[in-house]
$ cat run-v3.txt   # compact mmCIF, N, CA and C atoms
# COMPACT_ATOMS: atom_id res chain seq x y z
N MET A 2 184.57 27.58 160.19
CA MET A 2 184.08 26.91 159.02
C MET A 2 185.07 25.86 158.57
N LYS A 3 186.38 26.19 158.56
CA LYS A 3 187.39 25.23 158.16
C LYS A 3 187.38 24.04 159.12
N ALA A 4 187.16 24.30 160.37
CA ALA A 4 187.13 23.23 161.36
C ALA A 4 185.95 22.30 161.10
N VAL A 5 184.81 22.87 160.73
CA VAL A 5 183.62 22.05 160.43
C VAL A 5 183.89 21.22 159.19
N VAL A 6 184.48 21.79 158.19
CA VAL A 6 184.80 21.06 156.95
C VAL A 6 185.78 19.94 157.26
N LYS A 7 186.81 20.28 158.03
CA LYS A 7 187.81 19.27 158.38
C LYS A 7 187.15 18.13 159.17
N ARG A 8 186.30 18.47 160.14
CA ARG A 8 185.63 17.43 160.93
C ARG A 8 184.73 16.60 160.03
N LEU A 9 184.00 17.22 159.10
CA LEU A 9 183.12 16.48 158.18
C LEU A 9 183.93 15.59 157.24
N GLU A 10 185.09 16.04 156.79
CA GLU A 10 185.95 15.22 155.94
C GLU A 10 186.48 14.02 156.72
N GLU A 11 186.91 14.25 157.95
CA GLU A 11 187.39 13.14 158.79
C GLU A 11 186.26 12.14 159.05
N GLU A 12 185.10 12.67 159.31
CA GLU A 12 183.94 11.80 159.55
C GLU A 12 183.60 11.01 158.29
N ASN A 13 183.70 11.73 157.15
CA ASN A 13 183.43 11.08 155.86
C ASN A 13 184.46 9.98 155.60
N THR A 14 185.72 10.22 155.90
CA THR A 14 186.78 9.22 155.72
C THR A 14 186.52 8.01 156.61
N GLU A 15 186.14 8.30 157.86
CA GLU A 15 185.86 7.19 158.79
C GLU A 15 184.65 6.39 158.31
N LEU A 16 183.62 7.06 157.84
CA LEU A 16 182.42 6.35 157.35
C LEU A 16 182.76 5.52 156.11
N ARG A 17 183.61 6.05 155.23
CA ARG A 17 184.02 5.28 154.05
C ARG A 17 184.82 4.04 154.47
N ARG A 18 185.72 4.23 155.46
CA ARG A 18 186.49 3.08 155.96
C ARG A 18 185.55 2.02 156.54
N GLN A 19 184.59 2.45 157.32
CA GLN A 19 183.62 1.52 157.91
C GLN A 19 182.78 0.84 156.82
N ALA A 20 182.41 1.61 155.77
CA ALA A 20 181.63 1.03 154.67
C ALA A 20 182.44 -0.03 153.94
N ARG A 21 183.75 0.28 153.67
CA ARG A 21 184.61 -0.72 153.01
C ARG A 21 184.74 -1.97 153.87
N HIS A 22 184.93 -1.76 155.18
CA HIS A 22 185.04 -2.90 156.10
C HIS A 22 183.73 -3.71 156.10
N ALA A 23 182.58 -3.02 156.11
CA ALA A 23 181.27 -3.70 156.11
C ALA A 23 181.07 -4.47 154.80
N GLU A 24 181.49 -3.86 153.67
CA GLU A 24 181.37 -4.54 152.38
C GLU A 24 182.25 -5.79 152.35
N LYS A 25 183.47 -5.66 152.85
CA LYS A 25 184.39 -6.81 152.90
C LYS A 25 183.80 -7.92 153.78
N GLU A 26 183.28 -7.52 154.92
CA GLU A 26 182.67 -8.50 155.83
C GLU A 26 181.45 -9.15 155.18
N GLN A 27 180.66 -8.35 154.45
CA GLN A 27 179.47 -8.88 153.77
C GLN A 27 179.88 -9.89 152.70
N ARG A 28 180.92 -9.56 151.92
CA ARG A 28 181.40 -10.51 150.90
C ARG A 28 181.87 -11.80 151.56
N SER A 29 182.58 -11.66 152.67
CA SER A 29 183.06 -12.85 153.39
C SER A 29 181.88 -13.69 153.88
N LEU A 30 180.87 -13.00 154.44
CA LEU A 30 179.69 -13.73 154.94
C LEU A 30 178.92 -14.39 153.80
N CYS A 31 178.82 -13.69 152.66
CA CYS A 31 178.13 -14.28 151.49
C CYS A 31 178.88 -15.51 150.99
N SER A 32 180.20 -15.38 150.95
CA SER A 32 181.01 -16.52 150.51
C SER A 32 180.84 -17.69 151.47
N ARG A 33 180.87 -17.38 152.74
CA ARG A 33 180.70 -18.45 153.74
C ARG A 33 179.30 -19.06 153.65
N ALA A 34 178.28 -18.23 153.41
CA ALA A 34 176.91 -18.74 153.27
C ALA A 34 176.80 -19.66 152.06
N GLU A 35 177.44 -19.29 150.95
CA GLU A 35 177.44 -20.15 149.76
C GLU A 35 178.11 -21.48 150.06
N GLY A 36 179.26 -21.42 150.76
CA GLY A 36 179.96 -22.65 151.13
C GLY A 36 179.10 -23.53 152.02
N LEU A 37 178.41 -22.91 152.96
CA LEU A 37 177.53 -23.68 153.85
C LEU A 37 176.34 -24.26 153.09
N GLN A 38 175.82 -23.51 152.12
CA GLN A 38 174.72 -24.04 151.31
C GLN A 38 175.19 -25.25 150.50
N GLU A 39 176.39 -25.15 149.93
CA GLU A 39 176.95 -26.28 149.17
C GLU A 39 177.16 -27.49 150.09
N GLU A 40 177.71 -27.24 151.27
CA GLU A 40 177.92 -28.33 152.22
C GLU A 40 176.58 -28.93 152.65
N ASN A 41 175.59 -28.07 152.85
CA ASN A 41 174.26 -28.54 153.23
C ASN A 41 173.68 -29.43 152.14
N GLN A 42 173.82 -29.01 150.88
CA GLN A 42 173.32 -29.83 149.77
C GLN A 42 174.05 -31.17 149.71
N ARG A 43 175.38 -31.11 149.91
CA ARG A 43 176.16 -32.36 149.90
C ARG A 43 175.70 -33.28 151.04
N LEU A 44 175.50 -32.71 152.21
CA LEU A 44 175.06 -33.52 153.36
C LEU A 44 173.65 -34.06 153.16
N LEU A 45 172.79 -33.26 152.54
CA LEU A 45 171.43 -33.75 152.26
C LEU A 45 171.49 -34.93 151.28
N ALA A 46 172.31 -34.80 150.25
CA ALA A 46 172.46 -35.90 149.28
C ALA A 46 173.06 -37.13 149.95
N GLU A 47 174.07 -36.90 150.80
CA GLU A 47 174.69 -38.02 151.52
C GLU A 47 173.67 -38.69 152.44
N GLY A 48 172.88 -37.87 153.12
CA GLY A 48 171.84 -38.42 154.01
C GLY A 48 170.82 -39.23 153.23
N GLN A 49 170.43 -38.73 152.06
CA GLN A 49 169.48 -39.48 151.23
C GLN A 49 170.09 -40.81 150.80
N GLY A 50 171.35 -40.77 150.40
CA GLY A 50 172.04 -42.01 150.01
C GLY A 50 172.10 -43.00 151.17
N LEU A 51 172.38 -42.49 152.36
CA LEU A 51 172.44 -43.37 153.54
C LEU A 51 171.07 -43.94 153.88
N ARG A 52 170.01 -43.10 153.72
CA ARG A 52 168.66 -43.62 153.95
C ARG A 52 168.33 -44.74 152.97
N GLU A 53 168.72 -44.55 151.71
CA GLU A 53 168.48 -45.59 150.70
C GLU A 53 169.26 -46.86 151.03
N GLN A 54 170.51 -46.70 151.46
CA GLN A 54 171.30 -47.87 151.86
C GLN A 54 170.66 -48.57 153.05
N LEU A 55 170.16 -47.79 153.98
CA LEU A 55 169.51 -48.36 155.16
C LEU A 55 168.26 -49.14 154.77
N GLN A 56 167.48 -48.58 153.85
CA GLN A 56 166.28 -49.29 153.37
C GLN A 56 166.67 -50.58 152.66
N ALA A 57 167.73 -50.53 151.85
CA ALA A 57 168.19 -51.73 151.15
C ALA A 57 168.67 -52.78 152.17
N GLN A 58 169.41 -52.33 153.19
CA GLN A 58 169.87 -53.27 154.22
C GLN A 58 168.69 -53.86 155.00
N ALA A 59 167.69 -53.03 155.28
CA ALA A 59 166.51 -53.52 156.00
C ALA A 59 165.78 -54.56 155.15
N ALA A 60 165.69 -54.32 153.84
CA ALA A 60 165.05 -55.30 152.96
C ALA A 60 165.87 -56.59 152.92
N ARG A 61 167.20 -56.45 152.91
CA ARG A 61 168.06 -57.65 152.89
C ARG A 61 167.91 -58.43 154.19
N VAL A 62 167.87 -57.72 155.32
CA VAL A 62 167.69 -58.38 156.62
C VAL A 62 166.34 -59.11 156.64
N ALA A 63 165.29 -58.46 156.13
CA ALA A 63 163.98 -59.09 156.10
C ALA A 63 164.01 -60.35 155.23
N SER A 64 164.70 -60.27 154.10
CA SER A 64 164.83 -61.43 153.23
C SER A 64 165.59 -62.56 153.92
N LEU A 65 166.69 -62.20 154.59
CA LEU A 65 167.47 -63.22 155.30
C LEU A 65 166.66 -63.83 156.45
N GLU A 66 165.87 -63.00 157.14
CA GLU A 66 165.02 -63.53 158.21
C GLU A 66 163.99 -64.49 157.65
N ALA A 67 163.42 -64.15 156.49
CA ALA A 67 162.44 -65.05 155.87
C ALA A 67 163.11 -66.36 155.47
N GLN A 68 164.32 -66.27 154.91
CA GLN A 68 165.05 -67.50 154.56
C GLN A 68 165.34 -68.33 155.81
N LEU A 69 165.71 -67.66 156.88
CA LEU A 69 165.99 -68.37 158.13
C LEU A 69 164.73 -69.07 158.64
N CYS A 70 163.60 -68.39 158.56
CA CYS A 70 162.34 -69.00 158.99
C CYS A 70 162.01 -70.22 158.14
N ARG A 71 162.19 -70.08 156.82
CA ARG A 71 161.92 -71.23 155.93
C ARG A 71 162.87 -72.39 156.26
N GLY A 72 164.15 -72.05 156.46
CA GLY A 72 165.12 -73.10 156.80
C GLY A 72 164.79 -73.76 158.12
N THR A 73 164.39 -72.97 159.10
CA THR A 73 164.01 -73.52 160.40
C THR A 73 162.79 -74.42 160.26
N ALA A 74 161.81 -73.98 159.47
CA ALA A 74 160.62 -74.81 159.26
C ALA A 74 160.98 -76.11 158.55
N LEU A 75 161.86 -76.04 157.56
CA LEU A 75 162.29 -77.26 156.86
C LEU A 75 163.03 -78.20 157.81
N LEU A 76 163.90 -77.65 158.64
CA LEU A 76 164.62 -78.50 159.60
C LEU A 76 163.66 -79.13 160.60
N SER A 77 162.68 -78.36 161.04
CA SER A 77 161.69 -78.88 161.97
C SER A 77 160.88 -80.01 161.32
N ALA A 78 160.48 -79.80 160.07
CA ALA A 78 159.73 -80.83 159.35
C ALA A 78 160.59 -82.08 159.17
N ARG A 79 161.86 -81.88 158.85
CA ARG A 79 162.76 -83.02 158.69
C ARG A 79 162.92 -83.78 160.01
N ASP A 80 163.11 -83.03 161.09
CA ASP A 80 163.24 -83.66 162.40
C ASP A 80 161.98 -84.44 162.77
N THR A 81 160.82 -83.85 162.47
CA THR A 81 159.55 -84.54 162.75
C THR A 81 159.45 -85.81 161.94
N ALA A 82 159.80 -85.73 160.64
CA ALA A 82 159.74 -86.91 159.77
C ALA A 82 160.72 -87.97 160.26
N LEU A 83 161.92 -87.56 160.66
CA LEU A 83 162.90 -88.54 161.17
C LEU A 83 162.40 -89.18 162.46
N ALA A 84 161.78 -88.40 163.32
CA ALA A 84 161.25 -88.95 164.56
C ALA A 84 160.14 -89.94 164.28
N GLN A 85 159.30 -89.62 163.29
CA GLN A 85 158.20 -90.55 162.94
C GLN A 85 158.76 -91.84 162.36
N VAL A 86 159.75 -91.73 161.49
CA VAL A 86 160.36 -92.92 160.89
C VAL A 86 161.03 -93.74 161.98
N SER A 87 161.71 -93.06 162.88
CA SER A 87 162.38 -93.75 163.97
C SER A 87 161.36 -94.44 164.87
N ALA A 88 160.25 -93.77 165.16
CA ALA A 88 159.21 -94.37 166.00
C ALA A 88 158.60 -95.58 165.31
N ARG A 89 158.38 -95.48 164.00
CA ARG A 89 157.81 -96.64 163.27
C ARG A 89 158.77 -97.81 163.27
N SER A 90 160.05 -97.53 163.09
CA SER A 90 161.01 -98.64 163.02
C SER A 90 161.14 -99.30 164.38
N VAL A 91 160.93 -98.59 165.44
CA VAL A 91 161.00 -99.17 166.78
C VAL A 91 159.76 -100.03 167.03
N THR A 92 158.61 -99.61 166.52
CA THR A 92 157.38 -100.35 166.80
C THR A 92 157.14 -101.50 165.85
N LEU A 93 157.87 -101.60 164.76
CA LEU A 93 157.67 -102.71 163.83
C LEU A 93 158.27 -103.98 164.44
N PRO A 94 157.52 -105.08 164.38
CA PRO A 94 158.09 -106.33 164.90
C PRO A 94 159.16 -106.84 163.94
N LEU A 95 160.21 -107.38 164.51
CA LEU A 95 161.27 -107.94 163.70
C LEU A 95 160.89 -109.36 163.31
N PRO A 96 161.13 -109.75 162.07
CA PRO A 96 160.79 -111.14 161.66
C PRO A 96 161.69 -112.13 162.39
N GLN A 97 161.11 -113.21 162.74
CA GLN A 97 161.87 -114.27 163.40
C GLN A 97 162.56 -115.10 162.33
N LEU A 98 163.85 -115.20 162.46
CA LEU A 98 164.61 -115.99 161.50
C LEU A 98 164.92 -117.33 162.14
N SER A 99 164.68 -118.36 161.38
CA SER A 99 165.02 -119.68 161.90
C SER A 99 166.41 -120.03 161.42
N PRO A 100 167.14 -120.70 162.28
CA PRO A 100 168.49 -121.07 161.84
C PRO A 100 168.38 -122.09 160.71
N GLY A 101 169.16 -121.93 159.77
CA GLY A 101 169.13 -122.85 158.63
C GLY A 101 170.40 -122.70 157.84
N PRO A 102 170.44 -123.36 156.72
CA PRO A 102 171.65 -123.27 155.89
C PRO A 102 171.78 -121.87 155.30
N PRO A 103 172.98 -121.40 155.09
CA PRO A 103 173.17 -120.10 154.47
C PRO A 103 172.65 -120.10 153.04
N LEU A 104 172.29 -118.96 152.58
CA LEU A 104 171.78 -118.83 151.22
C LEU A 104 172.92 -119.04 150.24
N ALA A 105 172.61 -119.74 149.19
CA ALA A 105 173.62 -119.99 148.17
C ALA A 105 173.66 -118.78 147.24
N LEU A 106 174.85 -118.40 146.86
CA LEU A 106 175.02 -117.26 145.99
C LEU A 106 175.46 -117.69 144.60
N SER A 107 174.94 -118.78 144.15
CA SER A 107 175.31 -119.25 142.82
C SER A 107 174.52 -118.45 141.78
N PRO A 108 175.13 -118.20 140.66
CA PRO A 108 174.44 -117.43 139.62
C PRO A 108 173.21 -118.18 139.13
N SER A 109 172.16 -117.44 138.93
CA SER A 109 170.92 -118.03 138.45
C SER A 109 170.68 -117.52 137.04
N PRO A 110 170.21 -118.38 136.15
CA PRO A 110 169.99 -117.91 134.78
C PRO A 110 168.85 -116.88 134.69
N SER A 111 167.92 -116.87 135.65
CA SER A 111 166.81 -115.94 135.57
C SER A 111 167.10 -114.60 136.24
N LEU A 112 168.17 -114.52 137.06
CA LEU A 112 168.50 -113.28 137.76
C LEU A 112 169.78 -112.69 137.17
N PRO A 113 169.85 -111.37 137.12
CA PRO A 113 171.04 -110.75 136.54
C PRO A 113 172.28 -110.83 137.41
N GLY A 114 172.15 -111.08 138.70
CA GLY A 114 173.33 -111.12 139.56
C GLY A 114 173.02 -111.83 140.84
N PRO A 115 173.92 -111.76 141.82
CA PRO A 115 173.69 -112.45 143.09
C PRO A 115 172.49 -111.86 143.82
N VAL A 116 171.81 -112.71 144.57
CA VAL A 116 170.65 -112.30 145.34
C VAL A 116 171.14 -111.77 146.67
N PRO A 117 170.72 -110.56 147.07
CA PRO A 117 171.20 -110.04 148.36
C PRO A 117 170.60 -110.81 149.52
N GLN A 118 171.35 -110.94 150.58
CA GLN A 118 170.88 -111.63 151.75
C GLN A 118 169.91 -110.73 152.52
N ALA A 119 169.07 -111.35 153.33
CA ALA A 119 168.10 -110.59 154.12
C ALA A 119 168.83 -109.63 155.05
N GLY A 120 168.34 -108.38 155.14
CA GLY A 120 168.94 -107.39 156.04
C GLY A 120 170.14 -106.66 155.45
N ARG A 121 170.56 -106.98 154.25
CA ARG A 121 171.73 -106.33 153.65
C ARG A 121 171.36 -105.40 152.49
N GLY A 122 170.08 -105.27 152.19
CA GLY A 122 169.68 -104.42 151.06
C GLY A 122 169.72 -102.95 151.44
N ARG A 123 169.60 -102.13 150.46
CA ARG A 123 169.60 -100.68 150.69
C ARG A 123 168.22 -100.24 151.14
N ARG A 124 168.19 -99.27 152.04
CA ARG A 124 166.92 -98.65 152.44
C ARG A 124 166.77 -97.35 151.68
N SER A 125 165.52 -97.00 151.35
CA SER A 125 165.32 -95.71 150.70
C SER A 125 164.53 -94.80 151.57
$ encode --input "run-v3.txt" --output "structure tokens"
Amino acid sequence: MKAVVKRLEEENTELRRQARHAEKEQRSLCSRAEGLQEENQRLLAEGQGLREQLQAQAARVASLEAQLCRGTALLSARDTALAQVSARSVTLPLPQLSPGPPLALSPSPSLPGPVPQAGRGRRS
């Protein structure tokens, strides 16, 4: 009987030791699970922030592409207009100038200043 009691006490001691070890391990696992949940929440928030940044960058890229398209269209229109002006100036006949005396640049009472010579005026 004493041997059975002693064996049961030893078994009880071993079971208590195992229970304490299991409780300690469970607390450690719970703590680790909480830490992982916090990290998961942080990563989810970071991921959401990165998605928002990505959407903002995509919108900015789309805006810049639209500006580039508008700029390209404006440059193309300008080039076309310059080519047309250049083509017209090539096809216009030049006036024939006859040799003669140079124009006098004396002040005239009806004009505010000197009269510009032919071919020296500003083009618009």
$ atom_distance --input "run-v3.txt" --atom1 "CA of Ala84 (chain A)" --atom2 "CA of Arg71 (chain A)"
19.7 Å
$ atom_distance --input "run-v3.txt" --atom1 "CA of His22 (chain A)" --atom2 "CA of Gln38 (chain A)"
24.0 Å
$ atom_distance --input "run-v3.txt" --atom1 "atom N of Gln49 (chain A)" --atom2 "CA of Leu30 (chain A)"
26.8 Å
